[in-house]
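What follows is start_31.txt (compact mmCIF, C-alpha atoms).
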```txt
# COMPACT_ATOMS: atom_id res chain seq x y z
CA MET A 1 167.21 6.25 49.44
CA THR A 2 164.03 4.36 50.13
CA HIS A 3 163.74 0.99 51.73
CA PRO A 4 161.02 -1.45 50.96
CA ALA A 5 158.60 -1.86 53.85
CA ALA A 6 159.42 -4.79 56.04
CA PRO A 7 156.92 -7.56 55.51
CA ARG A 8 154.51 -7.85 58.42
CA PRO A 9 154.35 -11.14 60.23
CA GLY A 10 151.02 -12.92 60.25
CA ARG A 11 148.80 -13.64 57.34
CA SER A 12 146.03 -12.34 55.13
CA TRP A 13 143.12 -14.21 53.66
CA ASP A 14 139.60 -13.64 52.41
CA VAL A 15 136.26 -14.91 53.63
CA ARG A 16 132.71 -14.32 52.50
CA ALA A 17 130.19 -13.12 55.07
CA LEU A 18 126.61 -12.18 54.17
CA ASP A 19 127.61 -11.92 50.50
CA VAL A 20 130.40 -9.50 51.41
CA ALA A 21 134.04 -10.24 50.66
CA VAL A 22 135.99 -9.64 53.86
CA SER A 23 139.78 -9.49 53.84
CA LEU A 24 141.42 -10.40 57.12
CA GLU A 25 144.88 -9.14 57.96
CA VAL A 26 146.16 -10.54 61.25
CA GLU A 27 149.69 -10.00 62.49
CA ASP A 28 149.54 -12.46 65.38
CA VAL A 29 150.24 -15.81 63.74
CA ARG A 30 148.64 -17.81 66.52
CA LEU A 31 145.46 -15.71 66.49
CA ALA A 32 145.42 -15.90 62.71
CA GLY A 33 145.53 -19.68 62.85
CA THR A 34 142.64 -19.84 65.29
CA LEU A 35 140.59 -17.42 63.21
CA ALA A 36 141.33 -19.22 59.96
CA GLU A 37 140.16 -22.48 61.45
CA LEU A 38 136.98 -20.99 62.94
CA LEU A 39 136.11 -19.09 59.76
CA ALA A 40 136.92 -21.91 57.39
CA ASP A 41 133.27 -22.46 56.49
CA LEU A 42 133.09 -18.86 55.29
CA SER A 43 136.01 -19.49 52.99
CA ALA A 44 134.35 -22.16 50.93
CA PRO A 45 134.24 -21.34 47.22
CA SER A 46 130.92 -19.99 46.09
CA ALA A 47 129.52 -18.50 42.96
CA PRO A 48 128.00 -15.14 43.79
CA ALA A 49 125.55 -13.73 41.34
CA ARG A 50 127.47 -10.47 41.27
CA PRO A 51 130.73 -9.00 42.57
CA PRO A 52 130.24 -8.55 46.30
CA ALA A 53 131.14 -5.54 48.36
CA ALA A 54 134.57 -5.72 49.98
CA LEU A 55 136.04 -4.60 53.27
CA THR A 56 139.05 -5.26 55.45
CA VAL A 57 139.31 -6.35 59.07
CA SER A 58 142.80 -5.90 60.47
CA VAL A 59 144.32 -7.01 63.75
CA ARG A 60 147.62 -5.37 64.69
CA GLY A 61 149.94 -6.46 67.45
CA GLU A 62 150.46 -9.60 69.45
CA GLY A 63 149.19 -8.32 72.78
CA PRO A 64 147.59 -5.94 73.17
CA TRP A 65 145.73 -6.31 69.88
CA GLN A 66 144.21 -3.46 67.85
CA VAL A 67 141.15 -4.62 65.92
CA SER A 68 139.76 -2.34 63.25
CA SER A 69 137.22 -2.53 60.47
CA PRO A 70 134.92 -0.02 58.80
CA SER A 71 132.31 -0.52 61.52
CA HIS A 72 134.17 -1.71 64.60
CA ARG A 73 137.31 -0.71 66.49
CA ALA A 74 138.56 -2.17 69.74
CA THR A 75 141.67 -2.83 71.78
CA ALA A 76 141.95 -6.28 73.33
CA SER A 77 144.22 -7.12 76.22
CA THR A 78 143.80 -10.90 76.09
CA ALA A 79 143.86 -13.39 73.24
CA GLN A 80 140.25 -14.39 73.96
CA GLN A 81 139.15 -10.77 73.75
CA ALA A 82 141.09 -10.34 70.52
CA LEU A 83 139.33 -13.34 69.05
CA ALA A 84 135.92 -12.11 70.15
CA GLU A 85 136.52 -8.57 68.92
CA THR A 86 137.77 -9.77 65.54
CA LEU A 87 134.71 -11.94 65.00
CA THR A 88 132.51 -9.04 66.07
CA ALA A 89 134.31 -6.82 63.57
CA VAL A 90 133.70 -9.32 60.78
CA ASN A 91 130.04 -9.68 61.71
CA VAL A 92 129.22 -6.02 62.29
CA SER A 93 131.05 -4.86 59.19
CA ALA A 94 129.42 -7.51 57.04
CA VAL A 95 125.99 -6.54 58.35
CA GLU A 96 126.75 -2.90 57.48
CA ALA A 97 127.78 -3.77 53.94
CA THR A 98 125.59 -6.71 53.07
CA PRO A 99 123.48 -6.52 49.92
CA THR A 100 120.87 -8.62 51.67
CA LEU A 101 117.90 -8.23 53.94
CA ALA A 102 119.31 -9.69 57.15
CA VAL A 103 117.14 -10.55 60.15
CA HIS A 104 118.16 -12.01 63.48
CA ALA A 105 117.53 -15.74 63.22
CA ALA A 106 119.22 -19.10 63.33
CA VAL A 107 118.81 -21.32 60.29
CA ALA A 108 119.39 -25.00 59.57
CA ALA A 109 118.51 -27.02 56.49
CA ARG A 110 117.78 -30.56 55.45
CA GLY A 111 117.42 -31.71 51.88
CA GLY A 112 117.66 -28.11 50.71
CA SER A 113 114.73 -26.99 52.87
CA ALA A 114 115.49 -24.52 55.62
CA VAL A 115 113.96 -24.04 59.04
CA VAL A 116 114.24 -20.48 60.33
CA VAL A 117 114.25 -19.71 64.06
CA PRO A 118 113.88 -15.98 64.72
CA GLY A 119 115.14 -14.64 68.01
CA ARG A 120 117.38 -12.16 69.70
CA SER A 121 120.67 -13.06 71.36
CA GLY A 122 120.16 -15.14 74.47
CA HIS A 123 116.85 -16.48 73.21
CA GLY A 124 118.20 -20.03 72.80
CA LYS A 125 118.13 -20.18 69.03
CA THR A 126 121.83 -21.01 68.67
CA THR A 127 121.60 -23.88 71.14
CA PHE A 128 118.51 -25.20 69.40
CA VAL A 129 120.09 -25.04 65.94
CA ALA A 130 123.23 -26.69 67.31
CA ALA A 131 120.99 -29.51 68.56
CA LEU A 132 119.50 -29.79 65.06
CA LEU A 133 123.00 -29.99 63.55
CA SER A 134 123.88 -32.83 65.88
CA ARG A 135 120.83 -34.65 64.45
CA GLY A 136 121.93 -34.47 60.84
CA TRP A 137 120.77 -31.03 59.70
CA ASP A 138 123.04 -28.79 57.63
CA TYR A 139 124.26 -25.48 58.99
CA VAL A 140 123.12 -22.18 57.48
CA SER A 141 123.65 -19.64 60.28
CA ASP A 142 123.26 -19.05 64.00
CA GLU A 143 122.97 -15.32 63.49
CA SER A 144 121.12 -14.23 60.40
CA LEU A 145 118.55 -15.18 57.84
CA SER A 146 119.90 -13.28 54.86
CA VAL A 147 117.81 -12.79 51.76
CA ARG A 148 119.04 -11.02 48.65
CA TRP A 149 117.08 -7.85 48.06
CA ASP A 150 116.72 -8.41 44.34
CA ASP A 151 115.83 -12.07 43.92
CA GLY A 152 114.86 -13.28 47.41
CA ALA A 153 117.50 -16.02 47.47
CA VAL A 154 118.69 -17.15 50.90
CA VAL A 155 122.41 -16.51 51.46
CA PRO A 156 124.07 -18.91 53.94
CA TYR A 157 126.20 -17.37 56.67
CA PRO A 158 127.89 -20.33 58.40
CA ARG A 159 129.99 -18.39 60.87
CA PRO A 160 131.19 -20.33 63.94
CA LEU A 161 128.34 -21.07 66.32
CA ALA A 162 128.65 -19.09 69.53
CA LEU A 163 127.40 -21.39 72.28
CA SER A 164 127.12 -20.59 75.94
CA THR A 165 129.27 -22.72 78.21
CA TRP A 166 126.06 -24.35 79.44
CA ALA A 167 124.93 -25.18 75.91
CA ALA A 168 128.31 -26.61 74.93
CA GLY A 169 128.22 -28.85 77.98
CA LEU A 170 124.65 -29.90 77.29
CA LEU A 171 125.51 -30.87 73.72
CA GLY A 172 128.84 -32.41 74.67
CA VAL A 173 130.83 -30.31 72.26
CA GLU A 174 134.23 -28.69 72.71
CA GLY A 175 135.39 -25.57 70.98
CA VAL A 176 137.41 -22.40 71.32
CA ALA A 177 136.73 -20.31 74.41
CA SER A 178 136.03 -16.70 73.63
CA ALA A 179 134.77 -14.07 76.06
CA GLY A 180 132.28 -16.30 77.86
CA GLU A 181 131.25 -18.29 74.80
CA VAL A 182 132.40 -21.48 73.16
CA LEU A 183 132.95 -21.15 69.42
CA VAL A 184 132.48 -24.24 67.28
CA ARG A 185 132.21 -25.04 63.61
CA ALA A 186 129.39 -27.20 62.32
CA ALA A 187 131.82 -30.08 61.93
CA ALA A 188 132.26 -30.25 65.71
CA LEU A 189 128.57 -31.17 65.87
CA GLY A 190 128.92 -33.75 63.11
CA ALA A 191 127.35 -31.40 60.57
CA ARG A 192 128.42 -29.50 57.50
CA PRO A 193 127.63 -26.09 56.04
CA VAL A 194 124.71 -26.17 53.66
CA ALA A 195 125.93 -26.86 50.14
CA ALA A 196 123.53 -24.70 48.16
CA ASP A 197 121.22 -21.78 48.84
CA PRO A 198 118.30 -23.35 50.71
CA ARG A 199 114.60 -22.60 50.34
CA VAL A 200 112.73 -21.59 53.49
CA ARG A 201 110.20 -24.27 54.26
CA ASP A 202 109.45 -23.68 57.97
CA VAL A 203 109.56 -20.82 60.44
CA VAL A 204 109.67 -21.86 64.09
CA LEU A 205 108.98 -19.48 66.98
CA LEU A 206 110.58 -20.70 70.19
CA GLU A 207 108.85 -20.41 73.53
CA ARG A 208 110.46 -21.56 76.78
CA VAL A 209 108.15 -23.64 78.95
CA ASP A 210 108.66 -26.54 81.31
CA GLY A 211 107.75 -30.02 80.22
CA PRO A 212 108.11 -32.03 77.03
CA PRO A 213 108.40 -30.14 73.75
CA GLN A 214 105.24 -29.29 71.83
CA LEU A 215 104.90 -28.14 68.24
CA HIS A 216 101.80 -26.22 67.16
CA PRO A 217 100.94 -24.39 63.93
CA VAL A 218 100.72 -20.62 64.14
CA HIS A 219 99.38 -18.06 61.72
CA ARG A 220 101.85 -16.85 59.12
CA THR A 221 101.35 -13.30 60.31
CA ASP A 222 102.95 -14.28 63.64
CA ALA A 223 106.04 -15.40 61.76
CA LEU A 224 106.04 -12.24 59.65
CA ALA A 225 105.98 -10.07 62.77
CA ALA A 226 108.66 -12.12 64.53
CA LEU A 227 111.02 -11.88 61.58
CA LEU A 228 110.59 -8.20 60.76
CA GLU A 229 110.86 -7.10 64.36
CA ARG A 230 114.34 -8.60 64.45
CA GLY A 231 115.79 -7.00 61.35
CA PHE A 232 119.36 -5.83 60.89
CA THR A 233 119.06 -4.19 57.48
CA HIS A 234 115.31 -3.76 56.96
CA HIS A 235 115.68 0.00 57.33
CA GLN A 236 117.44 0.14 53.94
CA ASP A 237 114.09 -0.45 52.25
CA PRO A 238 111.25 -1.14 54.71
CA SER A 239 108.62 -1.62 52.02
CA ARG A 240 110.75 -4.15 50.12
CA ALA A 241 111.62 -5.85 53.42
CA LEU A 242 107.93 -6.34 54.15
CA THR A 243 107.33 -7.76 50.67
CA LEU A 244 110.32 -10.11 50.84
CA VAL A 245 109.44 -11.50 54.25
CA ALA A 246 105.77 -11.78 53.30
CA ASP A 247 106.72 -13.80 50.21
CA LEU A 248 108.95 -15.96 52.36
CA VAL A 249 106.30 -16.80 54.97
CA ARG A 250 103.60 -17.35 52.34
CA GLY A 251 105.64 -20.29 51.12
CA ALA A 252 106.43 -21.61 54.59
CA ARG A 253 104.77 -23.57 57.33
CA CYS A 254 104.84 -21.65 60.57
CA TRP A 255 105.06 -23.14 64.04
CA ARG A 256 105.43 -22.38 67.72
CA LEU A 257 107.79 -24.77 69.48
CA ARG A 258 107.43 -24.88 73.25
CA LEU A 259 110.55 -26.33 74.78
CA ALA A 260 112.61 -26.78 77.88
CA ASP A 261 115.38 -29.03 76.57
CA PRO A 262 116.71 -28.13 73.10
CA ARG A 263 117.77 -31.73 72.49
CA THR A 264 114.29 -33.25 72.84
CA ALA A 265 112.87 -30.28 70.93
CA ALA A 266 115.30 -30.96 68.08
CA ASP A 267 114.23 -34.62 68.11
CA LEU A 268 110.59 -33.57 67.85
CA LEU A 269 111.20 -31.14 65.02
CA SER A 270 113.32 -33.64 63.13
CA ASP A 271 110.51 -36.19 63.40
CA ARG A 272 107.59 -33.89 62.71
CA LEU A 273 108.90 -31.90 59.76
CA PRO A 274 108.89 -34.17 56.73
CA ARG A 275 111.97 -34.13 54.58
CA ALA A 276 111.55 -32.29 51.30
CA MET B 1 97.13 9.71 74.31
CA GLN B 2 93.71 11.32 74.20
CA PRO B 3 90.87 9.32 72.57
CA THR B 4 90.11 10.33 69.01
CA PRO B 5 87.11 12.72 68.94
CA THR B 6 84.17 11.44 66.93
CA GLY B 7 84.32 14.51 64.67
CA GLN B 8 87.99 14.01 63.85
CA LEU B 9 89.05 13.10 60.34
CA VAL B 10 90.77 9.71 60.29
CA GLY B 11 93.84 9.24 58.14
CA PRO B 12 95.28 9.25 55.60
CA PRO B 13 98.00 6.62 56.13
CA ALA B 14 101.35 8.02 57.18
CA ALA B 15 104.07 8.27 54.59
CA GLY B 16 106.09 5.10 54.25
CA VAL B 17 103.53 2.75 55.74
CA SER B 18 103.62 -0.51 53.79
CA GLU B 19 100.89 -3.09 53.52
CA VAL B 20 100.68 -6.75 52.59
CA GLU B 21 97.90 -9.28 52.86
CA ILE B 22 98.67 -12.75 54.17
CA ASP B 23 96.00 -15.43 54.35
CA GLY B 24 93.32 -12.74 54.26
CA ARG B 25 94.80 -10.59 57.01
CA ILE B 26 96.14 -7.10 56.36
CA CYS B 27 99.59 -6.52 57.83
CA LEU B 28 100.90 -2.96 58.16
CA TYR B 29 104.49 -1.95 58.69
CA ALA B 30 105.61 1.52 59.68
CA PRO B 31 109.35 2.14 59.41
CA GLY B 32 109.32 4.36 62.49
CA SER B 33 107.83 1.83 64.86
CA GLU B 34 109.54 -1.23 63.35
CA GLN B 35 106.43 -3.17 64.29
CA VAL B 36 104.13 -5.24 62.17
CA VAL B 37 100.48 -4.56 62.96
CA VAL B 38 98.11 -7.35 62.00
CA LEU B 39 94.54 -6.14 61.61
CA ASN B 40 91.36 -7.94 62.54
CA ASP B 41 88.33 -7.79 60.24
CA THR B 42 86.89 -4.55 61.59
CA ALA B 43 90.28 -2.84 61.71
CA SER B 44 90.91 -3.93 58.11
CA ASP B 45 87.67 -2.26 57.02
CA VAL B 46 88.49 0.90 58.98
CA TRP B 47 91.96 0.98 57.41
CA ARG B 48 90.53 0.78 53.90
CA LEU B 49 88.28 3.75 54.64
CA ALA B 50 90.83 5.86 56.51
CA ASP B 51 91.59 8.29 53.71
CA GLY B 52 91.61 11.49 55.76
CA GLU B 53 88.28 12.63 54.31
CA ARG B 54 85.92 10.88 56.74
CA THR B 55 85.43 11.50 60.43
CA LEU B 56 85.38 8.77 63.02
CA ALA B 57 81.60 9.14 63.30
CA GLU B 58 81.23 8.81 59.52
CA LEU B 59 83.34 5.66 59.53
CA VAL B 60 81.15 4.18 62.24
CA ASP B 61 77.97 4.99 60.27
CA LEU B 62 79.38 3.62 57.00
CA LEU B 63 80.48 0.36 58.55
CA ALA B 64 77.29 -0.04 60.59
CA ALA B 65 75.28 0.28 57.39
CA SER B 66 77.59 -2.19 55.65
CA TYR B 67 77.35 -4.71 58.48
CA GLY B 68 73.59 -4.11 58.99
CA VAL B 69 73.97 -3.29 62.69
CA GLU B 70 73.38 -0.34 65.00
CA ALA B 71 76.19 2.23 64.97
CA ALA B 72 76.44 2.09 68.73
CA SER B 73 77.24 -1.61 68.62
CA ILE B 74 80.44 -1.12 66.59
CA HIS B 75 81.58 2.30 67.79
CA GLY B 76 83.93 0.78 70.33
CA ASP B 77 85.56 -1.54 67.80
CA VAL B 78 86.06 1.24 65.26
CA GLN B 79 87.46 3.57 67.89
CA ALA B 80 89.81 0.83 69.10
CA ALA B 81 91.06 0.31 65.55
CA VAL B 82 91.78 4.01 65.12
CA GLU B 83 93.60 4.14 68.44
CA GLN B 84 95.63 1.10 67.32
CA PHE B 85 96.62 2.94 64.14
CA ARG B 86 97.59 6.04 66.09
CA ALA B 87 99.63 4.10 68.65
CA ALA B 88 101.62 2.46 65.87
CA ALA B 89 102.15 5.76 64.02
CA LEU B 90 100.25 4.51 61.01
CA LEU B 91 98.22 7.68 60.41
CA ALA B 92 99.48 10.96 59.04
CA GLN B 93 97.01 13.13 60.82
CA GLU B 94 96.78 13.52 64.59
CA PRO B 95 93.51 14.70 66.13
CA GLN B 96 93.40 18.36 67.12
CA ALA B 97 92.97 19.14 70.80
```

Spell out the structure here as structure tokens.
Amino acid sequence: MTHPAAPRPGRSWDVRALDVAVSLEVEDVRLAGTLAELLADLSAPSAPARPPAALTVSVRGEGPWQVSSPSHRATASTAQQALAETLTAVNVSAVEATPTLAVHAAVAARGGSAVVVPGRSGHGKTTFVAALLSRGWDYVSDESLSVRWDDGAVVPYPRPLALSTWAAGLLGVEGVASAGEVLVRAAALGARPVAADPRVRDVVLLERVDGPPQLHPVHRTDALAALLERGFTHHQDPSRALTLVADLVRGARCWRLRLADPRTAADLLSDRLPRA
Amino acid sequence: MQPTPTGQLVGPPAAGVSEVEIDGRICLYAPGSEQVVVLNDTASDVWRLADGERTLAELVDLLAASYGVEAASIHGDVQAAVEQFRAAALLAQEPQA
């Protein structure tokens, strides 16, 4: 005699990350609720050009928590760790499966025109883009500029912004604490996820200096180098990656933004870059 | 890395090296180095001639004639360009000891 499997507590739902359909299965109801709220901007209906790849991120247990996905496995002993590991699993697995050229950059948009800020983690790009969002820009991503390999379209990736505690305090925003970071959705900054695939209009290279912010034009080749040197998936087709990024910067204005305070820098950029 | 001998053939480009031109500047990208190399005018000319069938000395003479200058006056720039290519793994052929 067989018995039907007991239904697991928790919940399952789907999100879209980097044009990849990600199924989340989370047993811990409280953790599931927090994740669903933080990832809500990835759940918005969209109309992909083609069926996306699919993968599953599962979180078993209610402490400790076992997080697993095709590209990431971890055991978390605290709820904050479980949250952080689950978001890492979503991100890493989506990067592995994405049908896009993804490079490390933060992106915001206004009037359908995007500004791209290349930079590695800890470079200040998330704080700067958060400051732009608080000044009326739409949110595209704090992690990745993602461009479809075949048609060059920009794919938004509005995952929760991961701010440092310092940055959250500076911007006066509250969010969910997670392993030393504060996670917030765009709405917490008075912004919204970008509604349609934006067109890259500006590339901004950040440089930390003391004093008031300054914006200067730079050669497009500087932007090309900055973007390609921070690739996630360029190795899939390096030649095509070069062509895609070259096409992107040919149509963009390229700048170096020297800044100390991301808020005044965001004011300057908002004033100096004309709306499309 | 030892300097490239003047009698050494230069090139050809390494397999997989990609090239684009942006605003008149040649940009090279080698998958191995994951670096974009932006060439100046002299380096662009050297790159176009680096087919593996000309020595460094021949490149210097060709470009000197093209520019209408003494070979000695551009030798350093040409050599620097070749060393730049080698450092970024852009050339298929390494000089023999």

Within 8 Å of stretch 128-144 of chain A, counting all atoms listed in the file, which residues qualify if same-chain residues fewer than 6 places away don't, as a ChimeraX atom specification? /A:102-110,156-159,161-162,171,186,189-194,262-263,265-267,270

Closest pair table for chain B residues within 10 Å of chain A, only C-alpha atoms, as CSV:
```
residue,atom,partner,partner_atom,distance
B:Gly16,CA,A:Ser239,CA,7.5
B:Val17,CA,A:Ser239,CA,7.7
B:Ser18,CA,A:Ser239,CA,5.4
B:Glu19,CA,A:Leu242,CA,7.8
B:Val20,CA,A:Thr243,CA,7.0
B:Glu21,CA,A:Ala246,CA,8.3
B:Ile22,CA,A:Thr221,CA,6.7
B:Asp23,CA,A:Arg220,CA,7.7
B:Arg25,CA,A:Thr221,CA,7.8
B:Ile26,CA,A:Thr221,CA,9.0
B:Cys27,CA,A:Thr221,CA,7.4
B:Leu28,CA,A:Leu242,CA,8.8
B:Tyr29,CA,A:Leu242,CA,7.2
B:Ala30,CA,A:Pro238,CA,8.0
B:Pro31,CA,A:Pro238,CA,6.0
B:Gly32,CA,A:His235,CA,9.3
B:Ser33,CA,A:Glu229,CA,9.4
B:Glu34,CA,A:Glu229,CA,6.1
B:Gln35,CA,A:Glu229,CA,5.9
B:Val36,CA,A:Ala225,CA,5.2
B:Val37,CA,A:Ala225,CA,7.8
B:Val38,CA,A:Thr221,CA,7.0
B:Leu39,CA,A:Thr221,CA,10.0
```

Calculate how many Å separate atom CA of A:Asp197 from atom CA of A:Ser113, rounding to one decimal.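 Interatomic distance, atom CA of A:Asp197 to atom CA of A:Ser113: 9.2 Å.
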
Spatial neighbours of A:Gly175, max dist 9 Å, all atoms listed in the file, sep filter under 3 positions, as a PDB file with C-alpha atoms, keeping the file's coordinate frame:
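Final output, saved to selection07.pdb:
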```pdb
ATOM      1  CA  ALA A 168     128.310 -26.610  74.930  1.00  0.00           C
ATOM      2  CA  VAL A 182     132.400 -21.480  73.160  1.00  0.00           C
ATOM      3  CA  LEU A 183     132.950 -21.150  69.420  1.00  0.00           C
ATOM      4  CA  VAL A 184     132.480 -24.240  67.280  1.00  0.00           C
ATOM      5  CA  ARG A 185     132.210 -25.040  63.610  1.00  0.00           C
ATOM      6  CA  ALA A 188     132.260 -30.250  65.710  1.00  0.00           C
TER       7      ALA A 188
END
```

- Quick one, how far is atom CA of A:Val200 from atom CA of A:Val20?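 Atom CA of A:Val200 sits 21.5 Å away from atom CA of A:Val20.
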
One decimal, in Å: what's the spacing between atom CA of B:Asp77 and atom CA of B:Val10?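 Computing it gives 14.5 Å between the two atoms.
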
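The closest residue to B:Ser73, picked from B:Phe85, B:Pro5, B:Val60, B:Gly52 and counting only C-alpha atoms, is B:Val60.
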
Counting all atoms listed in the file, the residue among A:Leu215, A:Val117, A:Leu170, A:Ala153 that lies closest to A:Leu244 is A:Ala153

| message | Taking (133.7, -10.1, 52.5) in the coordinates of the supplied file, I want to know which residues reach to within 8 Å of it, counting all atoms listed in the file; could you give the answer as a PyMOL selection string? | response | chain A and resi 14-23+52-56+94

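Those residues that approach A:Ala79 to within 12 Å, counting only C-alpha atoms, are A:Asp28, A:Val29, A:Arg30, A:Leu31, A:Ala32, A:Thr34, A:Leu35, A:Val59, A:Gly61, A:Glu62, A:Gly63, A:Pro64, A:Trp65, A:Gln66, A:Val67, A:Thr75, A:Ala76, A:Ser77, A:Gln81, A:Ala82, A:Leu83, A:Ala84, A:Glu85, A:Thr86, A:Val176, A:Ala177, A:Ser178, A:Ala179; same-chain residues fewer than 2 positions away are not listed.
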
Closest of B:Ala92, B:Val78, B:Thr55, B:Leu63 to B:Gln8, counting all atoms listed in the file, is B:Thr55

ask   = Neighbours of A:Gly122 within 10 Å (all atoms listed in the file; same-chain residues fewer than 5 positions away dropped), as a PyMOL selection string?
value = chain A and resi 127+163-164
